[in-house]
file entry.cif (mmCIF, C-alpha atoms)
data_run
#
loop_
_atom_site.label_atom_id
_atom_site.label_comp_id
_atom_site.auth_asym_id
_atom_site.auth_seq_id
_atom_site.Cartn_x
_atom_site.Cartn_y
_atom_site.Cartn_z
CA MET A 1049 99.97 97.19 127.34
CA GLU A 1050 99.23 93.47 127.78
CA ILE A 1051 100.63 90.94 125.32
CA VAL A 1052 98.00 88.33 124.46
CA LYS A 1053 98.67 84.91 122.99
CA GLY A 1054 96.66 84.37 119.82
CA ASP A 1055 95.67 85.96 116.54
CA ILE A 1056 93.03 88.34 115.19
CA THR A 1057 90.17 86.21 116.52
CA LYS A 1058 90.99 87.53 120.01
CA VAL A 1059 89.31 90.75 118.84
CA LYS A 1060 85.60 90.97 119.72
CA GLY A 1061 83.37 90.36 116.70
CA ILE A 1062 86.15 88.82 114.59
CA SER A 1063 86.09 85.18 113.49
CA ALA A 1064 88.08 83.36 110.83
CA VAL A 1065 88.78 80.09 109.11
CA GLY A 1066 91.92 78.64 107.55
CA LYS A 1067 91.79 75.43 105.55
CA ALA A 1068 93.14 73.45 102.62
CA ILE A 1069 91.27 73.61 99.32
CA GLY A 1070 93.87 71.97 97.10
CA ILE A 1071 95.82 74.92 95.67
CA LYS A 1072 98.92 73.63 97.44
CA LYS A 1073 99.79 70.01 98.12
CA ASN A 1074 98.92 68.90 101.63
CA LYS A 1075 98.99 72.42 103.10
CA LEU A 1076 96.50 75.01 104.28
CA ASP A 1077 96.02 77.51 101.47
CA PHE A 1078 92.77 79.42 101.97
CA GLY A 1079 91.33 81.69 104.63
CA VAL A 1080 88.55 84.12 105.46
CA ILE A 1081 88.52 86.87 108.09
CA TYR A 1082 85.05 88.12 109.06
CA SER A 1083 83.62 90.81 111.32
CA ASP A 1084 80.03 90.38 112.46
CA ARG A 1085 79.49 94.10 111.92
CA ILE A 1086 80.70 96.52 109.28
CA CYS A 1087 84.16 98.00 109.94
CA ASN A 1088 85.94 101.21 109.21
CA ALA A 1089 88.97 100.15 107.22
CA ALA A 1090 92.15 101.39 105.58
CA ALA A 1091 95.09 99.91 103.71
CA VAL A 1092 98.47 100.61 102.18
CA TYR A 1093 99.75 98.88 99.06
CA THR A 1094 102.91 98.04 97.15
CA GLN A 1095 104.60 100.74 95.09
CA ASN A 1096 105.69 98.12 92.55
CA SER A 1097 104.21 99.26 89.21
CA VAL A 1098 103.23 95.65 88.50
CA LYS A 1099 100.31 95.04 90.85
CA GLY A 1100 98.28 91.90 91.45
CA ALA A 1101 94.62 91.74 90.46
CA PRO A 1102 93.45 91.22 94.07
CA LEU A 1103 95.22 94.39 95.14
CA LEU A 1104 93.45 96.41 92.44
CA VAL A 1105 90.04 94.98 93.38
CA THR A 1106 90.64 95.54 97.10
CA LYS A 1107 91.67 99.12 96.46
CA GLU A 1108 88.45 99.69 94.53
CA HIS A 1109 86.32 98.10 97.27
CA LEU A 1110 87.97 100.22 99.96
CA ARG A 1111 87.18 103.56 98.34
CA ASP A 1112 84.40 104.11 100.89
CA GLY A 1113 86.64 103.15 103.83
CA LYS A 1114 84.43 100.19 104.80
CA SER A 1115 84.87 96.42 104.87
CA GLN A 1116 83.53 93.37 106.64
CA ALA A 1117 85.47 90.39 105.29
CA ILE A 1118 88.80 89.47 103.72
CA VAL A 1119 89.33 86.39 101.54
CA ILE A 1120 92.93 85.19 101.16
CA ASN A 1121 94.47 82.38 99.18
CA SER A 1122 98.09 81.22 99.07
CA GLY A 1123 99.89 79.28 96.37
CA VAL A 1124 98.80 81.44 93.43
CA ALA A 1125 99.37 85.23 93.47
CA ASN A 1126 96.95 86.15 90.65
CA VAL A 1127 99.52 88.60 89.27
CA CYS A 1128 100.19 89.24 85.56
CA THR A 1129 96.88 87.56 84.73
CA GLY A 1130 95.22 90.36 82.76
CA GLU A 1131 91.45 90.82 82.63
CA LYS A 1132 90.86 87.24 83.70
CA GLY A 1133 92.73 87.93 86.91
CA ILE A 1134 90.49 90.90 87.69
CA THR A 1135 87.38 88.87 86.85
CA ASP A 1136 88.53 86.02 89.10
CA ALA A 1137 89.28 88.37 92.00
CA LYS A 1138 85.86 89.98 91.66
CA GLU A 1139 84.17 86.60 91.43
CA THR A 1140 85.95 85.51 94.61
CA ALA A 1141 84.58 88.57 96.42
CA GLU A 1142 81.09 87.94 95.05
CA LEU A 1143 81.08 84.28 96.08
CA ALA A 1144 82.16 85.22 99.61
CA ALA A 1145 79.65 88.08 99.82
CA ASN A 1146 76.81 85.72 98.94
CA GLU A 1147 77.91 83.17 101.54
CA LEU A 1148 78.42 85.77 104.28
CA ASN A 1149 75.37 87.86 103.35
CA VAL A 1150 77.35 91.09 103.01
CA LYS A 1151 77.83 93.56 100.18
CA ILE A 1152 80.35 92.61 97.49
CA GLU A 1153 82.12 95.94 98.00
CA ASP A 1154 82.68 95.06 101.66
CA VAL A 1155 84.71 91.96 100.79
CA LEU A 1156 88.44 92.45 100.24
CA VAL A 1157 90.60 89.89 98.45
CA ALA A 1158 94.29 89.01 98.66
CA SER A 1159 96.44 86.36 97.01
CA THR A 1160 100.04 85.27 97.42
CA GLY A 1161 102.21 82.70 95.71
CA LEU A 1162 103.32 82.00 92.16
CA ILE A 1163 103.19 84.96 89.74
CA GLY A 1164 101.69 84.40 86.29
CA ALA A 1165 99.32 81.56 87.17
CA TYR A 1166 95.53 81.79 87.14
CA LEU A 1167 93.44 81.09 90.22
CA PRO A 1168 91.83 77.63 90.22
CA MET A 1169 88.31 79.05 90.45
CA ASP A 1170 86.68 75.64 90.82
CA LYS A 1171 88.67 75.11 94.03
CA ILE A 1172 88.01 78.67 95.19
CA GLN A 1173 84.27 78.22 94.66
CA GLU A 1174 84.24 74.91 96.49
CA GLY A 1175 86.30 76.37 99.33
CA ILE A 1176 83.97 79.32 99.83
CA SER A 1177 80.80 77.21 99.77
CA GLY A 1178 79.41 76.99 103.31
CA ILE A 1179 82.23 79.14 104.67
CA LYS A 1180 80.05 81.02 107.18
CA ASN A 1181 79.44 77.83 109.16
CA GLU A 1182 83.20 77.19 109.34
CA LEU A 1183 84.11 80.55 110.89
CA SER A 1184 85.30 80.28 114.48
CA LYS A 1185 87.38 81.81 117.24
CA ASP A 1186 89.79 78.88 116.95
CA SER A 1187 91.03 79.10 113.37
CA ASN A 1188 94.20 78.34 111.44
CA ILE A 1189 94.08 81.63 109.55
CA ALA A 1190 97.66 82.66 110.39
CA GLU A 1191 98.94 79.40 108.89
CA ALA A 1192 96.65 79.40 105.84
CA ILE A 1193 98.15 82.61 104.39
CA LEU A 1194 101.77 81.36 104.37
CA THR A 1195 103.85 80.38 101.33
CA THR A 1196 107.56 79.66 101.87
CA ASP A 1197 107.26 80.84 105.49
CA SER A 1198 108.40 78.41 108.16
CA LEU A 1199 106.48 79.96 111.06
CA LYS A 1200 103.18 81.70 111.76
CA LYS A 1201 103.28 85.43 112.32
CA GLU A 1202 100.73 86.77 114.80
CA VAL A 1203 100.78 89.53 117.44
CA CYS A 1204 97.96 90.56 119.77
CA VAL A 1205 97.85 93.21 122.51
CA LYS A 1206 95.28 94.72 124.87
CA GLU A 1207 95.47 98.37 125.88
CA ASP A 1208 92.91 100.20 128.04
CA ASN A 1209 89.52 99.26 126.61
CA PHE A 1210 90.57 97.90 123.22
CA THR A 1211 92.31 94.92 121.63
CA ILE A 1212 94.40 95.05 118.46
CA ALA A 1213 95.86 92.03 116.68
CA GLY A 1214 97.53 91.20 113.40
CA ILE A 1215 98.70 88.33 111.25
CA ALA A 1216 101.18 88.47 108.38
CA LYS A 1217 103.03 86.37 105.84
CA GLY A 1218 106.40 86.97 104.29
CA ALA A 1219 109.70 85.17 103.95
CA GLY A 1220 110.95 85.99 100.46
CA MET A 1221 110.48 88.84 97.98
CA VAL A 1222 110.59 91.14 101.00
CA HIS A 1223 111.73 94.72 100.53
CA PRO A 1224 108.55 96.71 101.13
CA ASN A 1225 107.90 100.17 99.81
CA MET A 1226 104.60 100.51 101.65
CA ALA A 1227 103.86 97.45 103.72
CA THR A 1228 104.65 93.81 104.00
CA MET A 1229 103.81 90.90 101.71
CA LEU A 1230 100.42 90.51 103.31
CA ALA A 1231 99.31 91.78 106.72
CA PHE A 1232 95.84 91.90 108.21
CA ILE A 1233 95.11 93.80 111.41
CA CYS A 1234 91.84 93.90 113.34
CA THR A 1235 90.74 95.94 116.33
CA ASP A 1236 87.56 96.54 118.31
CA ALA A 1237 88.47 100.21 118.83
CA GLU A 1238 86.24 102.87 117.33
CA ILE A 1239 88.47 104.76 114.88
CA SER A 1240 87.39 106.57 111.71
CA SER A 1241 88.60 105.39 108.32
CA GLU A 1242 90.47 108.66 107.86
CA GLU A 1243 92.32 108.27 111.16
CA LEU A 1244 93.02 104.61 110.44
CA GLN A 1245 94.63 105.58 107.14
CA LYS A 1246 97.00 108.02 108.83
CA MET A 1247 97.77 105.66 111.67
CA ILE A 1248 98.46 102.59 109.55
CA LYS A 1249 100.69 104.64 107.25
CA GLY A 1250 102.66 105.87 110.27
CA ALA A 1251 103.00 102.39 111.73
CA VAL A 1252 104.03 100.86 108.40
CA ASP A 1253 106.71 103.49 107.81
CA ILE A 1254 108.60 102.50 110.96
CA SER A 1255 108.05 98.74 110.76
CA PHE A 1256 107.32 96.96 107.48
CA ASN A 1257 108.92 99.70 105.39
CA MET A 1258 112.07 99.21 107.46
CA THR A 1259 112.22 95.47 106.81
CA THR A 1260 114.05 93.58 104.08
CA VAL A 1261 114.99 90.02 103.20
CA ASP A 1262 116.20 90.14 99.61
CA MET A 1263 115.72 93.63 98.11
CA ASP A 1264 112.71 92.53 96.00
CA THR A 1265 109.53 94.57 96.47
CA SER A 1266 106.53 92.31 95.95
CA THR A 1267 103.75 92.80 93.42
CA SER A 1268 101.16 91.85 96.03
CA ASP A 1269 102.13 93.80 99.16
CA MET A 1270 99.10 94.85 101.15
CA CYS A 1271 98.47 95.83 104.76
CA VAL A 1272 94.80 96.12 105.75
CA ILE A 1273 93.35 97.27 109.06
CA MET A 1274 89.70 96.87 110.09
CA ALA A 1275 88.07 98.49 113.17
CA ASN A 1276 84.59 97.33 114.18
CA GLY A 1277 84.09 99.72 117.12
CA TYR A 1278 82.85 97.25 119.76
CA ALA A 1279 85.20 98.68 122.40
CA GLY A 1280 84.20 102.28 121.83
CA LYS A 1281 86.51 105.23 121.29
CA ALA A 1282 90.19 104.75 122.04
CA ASP A 1283 92.87 107.17 123.13
CA GLU A 1284 94.58 107.98 119.83
CA GLU A 1285 98.11 108.08 121.21
CA LYS A 1286 97.71 104.75 122.98
CA PHE A 1287 96.12 103.24 119.89
CA GLN A 1288 98.98 104.44 117.67
CA ASN A 1289 101.54 103.01 120.09
CA ALA A 1290 99.72 99.67 120.19
CA LEU A 1291 99.45 99.61 116.40
CA ASN A 1292 103.16 100.42 116.10
CA TYR A 1293 103.94 97.54 118.45
CA VAL A 1294 101.85 95.05 116.48
CA CYS A 1295 103.38 96.09 113.15
CA ALA A 1296 106.94 96.05 114.50
CA GLY A 1297 106.35 92.63 116.03
CA LEU A 1298 105.09 91.23 112.74
CA ALA A 1299 107.98 92.87 110.86
CA LYS A 1300 110.53 91.18 113.13
CA LYS A 1301 108.84 87.81 112.61
CA ILE A 1302 109.07 88.32 108.84
CA ALA A 1303 112.76 89.22 109.08
CA ILE A 1304 113.74 86.25 111.25
CA ASP A 1305 111.76 83.96 108.94
CA GLY A 1306 113.54 85.18 105.81
CA GLU A 1307 114.06 82.32 103.38
CA GLY A 1308 117.02 80.28 104.60
CA ALA A 1309 117.78 82.73 107.43
CA THR A 1310 119.40 81.74 110.71
CA LYS A 1311 119.48 85.15 112.43
CA LEU A 1312 117.53 88.36 112.92
CA ILE A 1313 119.53 91.54 112.27
CA GLN A 1314 118.38 94.76 113.93
CA VAL A 1315 120.21 97.89 112.80
CA GLU A 1316 119.67 101.01 114.87
CA VAL A 1317 121.00 104.29 113.53
CA LYS A 1318 121.08 107.09 116.08
CA ASN A 1319 122.10 110.74 116.14
CA ALA A 1320 121.66 111.14 112.39
CA GLN A 1321 121.10 114.54 110.76
CA ASP A 1322 117.40 113.91 110.10
CA GLU A 1323 114.83 111.11 110.13
CA GLU A 1324 115.05 110.39 106.41
CA SER A 1325 118.83 110.02 106.65
CA ALA A 1326 118.49 107.70 109.63
CA LYS A 1327 116.06 105.47 107.71
CA ARG A 1328 118.25 105.42 104.61
CA LEU A 1329 121.34 104.50 106.62
CA ALA A 1330 119.69 101.74 108.65
CA LYS A 1331 118.00 100.11 105.70
CA ALA A 1332 121.16 100.33 103.57
CA VAL A 1333 123.05 98.23 106.10
CA VAL A 1334 120.35 95.63 106.65
CA SER A 1335 119.90 95.36 102.86
CA SER A 1336 123.59 94.77 102.08
CA ASN A 1337 124.07 91.24 100.75
CA LEU A 1338 127.75 91.42 101.64
CA PHE A 1339 126.96 92.32 105.24
CA LYS A 1340 124.20 89.70 105.43
CA CYS A 1341 126.69 87.04 104.31
CA ALA A 1342 129.22 88.24 106.89
CA VAL A 1343 126.58 87.91 109.61
CA TYR A 1344 125.85 84.36 108.50
CA GLY A 1345 129.57 83.55 108.79
CA ASN A 1346 129.95 85.34 112.17
CA ASP A 1347 132.57 87.55 110.53
CA PRO A 1348 132.82 91.08 112.06
CA ASN A 1349 133.70 92.58 108.69
CA TRP A 1350 132.70 96.12 109.65
CA GLY A 1351 134.04 97.56 106.38
CA ARG A 1352 130.85 96.27 104.73
CA ILE A 1353 128.80 98.45 107.08
CA LEU A 1354 130.76 101.59 106.18
CA CYS A 1355 130.48 100.65 102.51
CA ALA A 1356 126.70 100.26 102.84
CA ILE A 1357 126.11 103.59 104.57
CA GLY A 1358 128.38 105.23 102.01
CA ASN A 1359 126.07 103.92 99.28
CA SER A 1360 122.89 105.02 101.09
CA GLY A 1361 122.74 108.51 99.59
CA ALA A 1362 122.60 110.11 103.06
CA GLU A 1363 125.11 112.81 103.95
CA PHE A 1364 127.36 112.20 106.96
CA GLU A 1365 130.91 112.65 108.21
CA GLU A 1366 132.77 109.36 107.96
CA LEU A 1367 135.24 110.18 110.74
CA LYS A 1368 132.48 110.62 113.32
CA VAL A 1369 130.85 107.22 112.91
CA ASP A 1370 130.87 104.65 115.72
CA VAL A 1371 129.60 101.08 115.26
CA TYR A 1372 128.61 98.59 117.95
CA PHE A 1373 127.73 94.89 117.76
CA GLY A 1374 125.65 94.43 120.87
CA ASP A 1375 127.49 96.38 123.59
CA ARG A 1376 130.89 95.95 121.93
CA ILE A 1377 132.32 98.86 119.95
CA ILE A 1378 134.06 97.77 116.76
CA VAL A 1379 134.42 101.13 114.94
CA LYS A 1380 135.39 104.38 116.63
CA ASN A 1381 135.33 107.65 114.69
CA GLY A 1382 135.29 105.86 111.35
CA VAL A 1383 138.27 103.55 111.98
CA THR A 1384 138.72 100.20 113.65
CA ALA A 1385 138.42 100.03 117.41
CA ASP A 1386 140.63 97.75 119.44
CA PHE A 1387 138.04 95.00 119.82
CA ASP A 1388 138.20 91.38 120.91
CA TYR A 1389 137.69 89.50 117.62
CA ASP A 1390 136.66 86.22 119.23
CA GLY A 1391 134.35 88.00 121.65
CA VAL A 1392 132.58 89.80 118.81
CA LYS A 1393 132.26 86.56 116.86
CA LYS A 1394 130.49 85.09 119.89
CA VAL A 1395 128.07 88.03 119.94
CA MET A 1396 127.39 87.44 116.25
CA SER A 1397 126.61 83.76 116.83
CA GLU A 1398 123.43 84.60 118.76
CA LYS A 1399 119.98 84.36 117.12
CA THR A 1400 119.66 88.16 117.10
CA LEU A 1401 122.44 90.59 116.15
CA ASN A 1402 121.86 94.15 117.34
CA VAL A 1403 123.92 96.65 115.37
CA VAL A 1404 124.09 100.24 116.59
CA ILE A 1405 125.51 102.95 114.34
CA ASP A 1406 126.08 106.27 116.07
CA MET A 1407 126.43 109.02 113.45
CA LYS A 1408 127.08 111.74 116.09
CA GLN A 1409 125.72 114.38 113.74
CA GLY A 1410 122.16 115.07 114.88
CA LYS A 1411 119.26 113.78 116.97
CA SER A 1412 117.30 111.49 114.62
CA GLN A 1413 117.12 107.73 114.81
CA ALA A 1414 115.62 104.74 112.97
CA THR A 1415 115.69 100.96 113.24
CA ALA A 1416 115.64 98.48 110.36
CA TYR A 1417 115.04 94.72 110.44
CA GLY A 1418 116.56 92.02 108.28
CA CYS A 1419 118.25 88.63 108.29
CA ASP A 1420 121.42 86.89 107.23
CA MET A 1421 121.81 85.34 103.78
CA THR A 1422 122.58 81.65 103.45
CA GLU A 1423 122.98 78.94 100.83
CA GLU A 1424 119.44 77.83 101.63
CA TYR A 1425 118.00 81.07 100.21
CA ILE A 1426 119.44 80.16 96.80
CA LYS A 1427 118.10 76.62 97.01
CA ILE A 1428 114.58 77.76 97.89
CA ASN A 1429 114.38 80.28 95.07
CA ALA A 1430 116.11 78.10 92.50
CA HIS A 1431 113.31 75.55 92.81
CA TYR A 1432 110.33 77.73 93.83
CA HIS A 1433 108.41 77.38 90.55
CA THR A 1434 108.35 73.60 90.72
#

call {"tool": "encode", "arguments": {"input": "entry.cif", "output": "structure tokens"}}
result
Amino acid sequence: MEIVKGDITKVKGISAVGKAIGIKKNKLDFGVIYSDRICNAAAVYTQNSVKGAPLLVTKEHLRDGKSQAIVINSGVANVCTGEKGITDAKETAELAANELNVKIEDVLVASTGLIGAYLPMDKIQEGISGIKNELSKDSNIAEAILTTDSLKKEVCVKEDNFTIAGIAKGAGMVHPNMATMLAFICTDAEISSEELQKMIKGAVDISFNMTTVDMDTSTSDMCVIMANGYAGKADEEKFQNALNYVCAGLAKKIAIDGEGATKLIQVEVKNAQDEESAKRLAKAVVSSNLFKCAVYGNDPNWGRILCAIGNSGAEFEELKVDVYFGDRIIVKNGVTADFDYDGVKKVMSEKTLNVVIDMKQGKSQATAYGCDMTEEYIKINAHYHT
């Protein structure tokens, strides 16, 4: 597998544009992803019972497993906007379809930003006008979909005959129960819509669904994959591995870019009784606000890890558990190990903290991704509305 620098426009037949249309002040806030031929497509969505209008329209348009374009705006989420929100989302798709000369049903829509506000349709209309002439292989699409993010999130790989690439946004309200805040993946592999659905679900379950920033599952979570087939048929195992890599890479970028975060936390649970237990245990630790605060303070307060796994709902034997920070063991058989406190604090001061929890009760494993919690997170969310 070859890692390629760039975003989804590295995929044959895919072009994009990212630009500012005035939804946000002095920032890019609007983008379009376009394939020059119809794609097989699939998606997974938030399990939050409050769902954004764009998500509902996209779900309807994807019933036939086909798409050719995605229109994304940031700054306004178009959530809790009633019938007007649905009408605005449909109008956005129609405006783009007319400009791109594709069917309305083949245009997907996504929005992210403030909940409860209506889309500024005059700005949307103006932004879409002439959009086909603005599409290029050198776009700012990965930046245009961001909200409180501080860095672009893009991953691209080549494997055998195909390329697969993705972009994502997410920094707050991150605790997915399906996907990430927004993620868009494109490939030139020839894969059926049915296979794409199974593959994206599998990739999401071990990446985005194992990522958390603040325990809040978004109303707008959506992960879409489009395959235009230019590269021909792909080996399914290699494609799944490449897709897993792209999703995991994006998930890590979301975790390290958590609002106010200074560190990436990777929690690997191994030798658990079963896969579901391993996932529960890993995500419980990376979701613990107490542990996240300890990581921020470089405090090896391992009791917070045992507390978190005890609250996970998974069954295990406490007196078999070992815990490592990096390669340093700090808990042995459920009690403190004789560890070098200052040495462990130094390990914790790095940009990435790898936590390994050995349950010694089975053969299953899982990895979860998260970040530390800082004062800056409170500041960002205390003033987000204004």

call {"tool": "resolve_selection", "arguments": {"input": "entry.cif", "expression": "the PyMOL selection byres ((chain A and resi 1420-1427) around 6)", "output": "list in words"}}
result
Glu1307, Gly1308, Ala1309, Lys1311, Lys1340, Cys1341, Val1343, Tyr1344, Cys1419, Ile1428, Asn1429 and Ala1430 of chain A

call {"tool": "write_last_selection", "arguments": {"input": "entry.cif", "atoms": "C-alpha atoms", "output": "PDB file, in the coordinates of the input"}}
result
ATOM      1  CA  GLU A1307     114.060  82.320 103.380  1.00  0.00           C
ATOM      2  CA  GLY A1308     117.020  80.280 104.600  1.00  0.00           C
ATOM      3  CA  ALA A1309     117.780  82.730 107.430  1.00  0.00           C
ATOM      4  CA  LYS A1311     119.480  85.150 112.430  1.00  0.00           C
ATOM      5  CA  LYS A1340     124.200  89.700 105.430  1.00  0.00           C
ATOM      6  CA  CYS A1341     126.690  87.040 104.310  1.00  0.00           C
ATOM      7  CA  VAL A1343     126.580  87.910 109.610  1.00  0.00           C
ATOM      8  CA  TYR A1344     125.850  84.360 108.500  1.00  0.00           C
ATOM      9  CA  CYS A1419     118.250  88.630 108.290  1.00  0.00           C
ATOM     10  CA  ILE A1428     114.580  77.760  97.890  1.00  0.00           C
ATOM     11  CA  ASN A1429     114.380  80.280  95.070  1.00  0.00           C
ATOM     12  CA  ALA A1430     116.110  78.100  92.500  1.00  0.00           C
TER      13      ALA A1430
END

call {"tool": "residues_around", "arguments": {"input": "entry.cif", "residues": "segment 1358-1375 of chain A", "least_positions_apart": "2", "cutoff": "7 Å", "atoms": "all atoms listed in the file", "output": "PyMOL selection string"}}
result
chain A and resi 1325+1328-1329+1332+1354-1356+1377-1382+1395+1401-1408

call {"tool": "closest_residue", "arguments": {"input": "entry.cif", "among": "A:Lys1393, A:Lys1053, A:Lys1300, A:Lys1058", "to": "Thr1415 of chain A", "atoms": "only C-alpha atoms"}}
result
A:Lys1300

call {"tool": "resolve_selection", "arguments": {"input": "entry.cif", "expression": "the PyMOL selection byres ((chain A and resi 1152) around 10)", "output": "PyMOL selection string"}}
result
chain A and resi 1109+1115-1117+1138-1146+1148-1151+1153-1156

call {"tool": "residues_around", "arguments": {"input": "entry.cif", "residues": "Ala1330 of chain A", "least_positions_apart": "5", "cutoff": "6 Å", "atoms": "all atoms listed in the file", "output": "list in words"}}
result
Val1315, Val1317 and Ala1416 of chain A

call {"tool": "atom_distance", "arguments": {"input": "entry.cif", "atom1": "atom CA of Lys1200 of chain A", "atom2": "atom CA of Asn1121 of chain A"}}
result
15.3 Å

call {"tool": "resolve_selection", "arguments": {"input": "entry.cif", "expression": "the PyMOL selection byres ((chain A and resi 1163) around 12)", "output": "JSON, numbers by chain"}}
result
{"A": [1098, 1099, 1100, 1101, 1122, 1123, 1124, 1125, 1126, 1127, 1128, 1129, 1130, 1133, 1159, 1160, 1161, 1162, 1164, 1165, 1166, 1167, 1221, 1266, 1267, 1268, 1432, 1433]}

call {"tool": "residues_around", "arguments": {"input": "entry.cif", "residues": "Cys1271 of chain A", "least_positions_apart": "6", "cutoff": "10 Å", "atoms": "all atoms listed in the file", "output": "PDB file with C-alpha atoms, in the frame of the given file"}}
result
ATOM      1  CA  ALA A1090      92.150 101.390 105.580  1.00  0.00           C
ATOM      2  CA  ALA A1091      95.090  99.910 103.710  1.00  0.00           C
ATOM      3  CA  VAL A1092      98.470 100.610 102.180  1.00  0.00           C
ATOM      4  CA  TYR A1093      99.750  98.880  99.060  1.00  0.00           C
ATOM      5  CA  THR A1094     102.910  98.040  97.150  1.00  0.00           C
ATOM      6  CA  GLY A1214      97.530  91.200 113.400  1.00  0.00           C
ATOM      7  CA  ILE A1215      98.700  88.330 111.250  1.00  0.00           C
ATOM      8  CA  ALA A1216     101.180  88.470 108.380  1.00  0.00           C
ATOM      9  CA  MET A1226     104.600 100.510 101.650  1.00  0.00           C
ATOM     10  CA  ALA A1227     103.860  97.450 103.720  1.00  0.00           C
ATOM     11  CA  THR A1228     104.650  93.810 104.000  1.00  0.00           C
ATOM     12  CA  MET A1229     103.810  90.900 101.710  1.00  0.00           C
ATOM     13  CA  LEU A1230     100.420  90.510 103.310  1.00  0.00           C
ATOM     14  CA  ALA A1231      99.310  91.780 106.720  1.00  0.00           C
ATOM     15  CA  PHE A1232      95.840  91.900 108.210  1.00  0.00           C
ATOM     16  CA  ILE A1233      95.110  93.800 111.410  1.00  0.00           C
ATOM     17  CA  ILE A1248      98.460 102.590 109.550  1.00  0.00           C
ATOM     18  CA  LYS A1249     100.690 104.640 107.250  1.00  0.00           C
ATOM     19  CA  VAL A1252     104.030 100.860 108.400  1.00  0.00           C
ATOM     20  CA  PHE A1256     107.320  96.960 107.480  1.00  0.00           C
ATOM     21  CA  CYS A1295     103.380  96.090 113.150  1.00  0.00           C
TER      22      CYS A1295
END

call {"tool": "residues_around", "arguments": {"input": "entry.cif", "residues": "Leu1298 of chain A", "least_positions_apart": "6", "cutoff": "7 Å", "atoms": "all atoms listed in the file", "output": "list of chain:residue names"}}
result
A:Lys1201, A:Glu1202, A:Val1203, A:Ala1216

call {"tool": "atom_distance", "arguments": {"input": "entry.cif", "atom1": "atom CA of Ser1083 of chain A", "atom2": "atom CA of Phe1287 of chain A"}}
result
19.6 Å
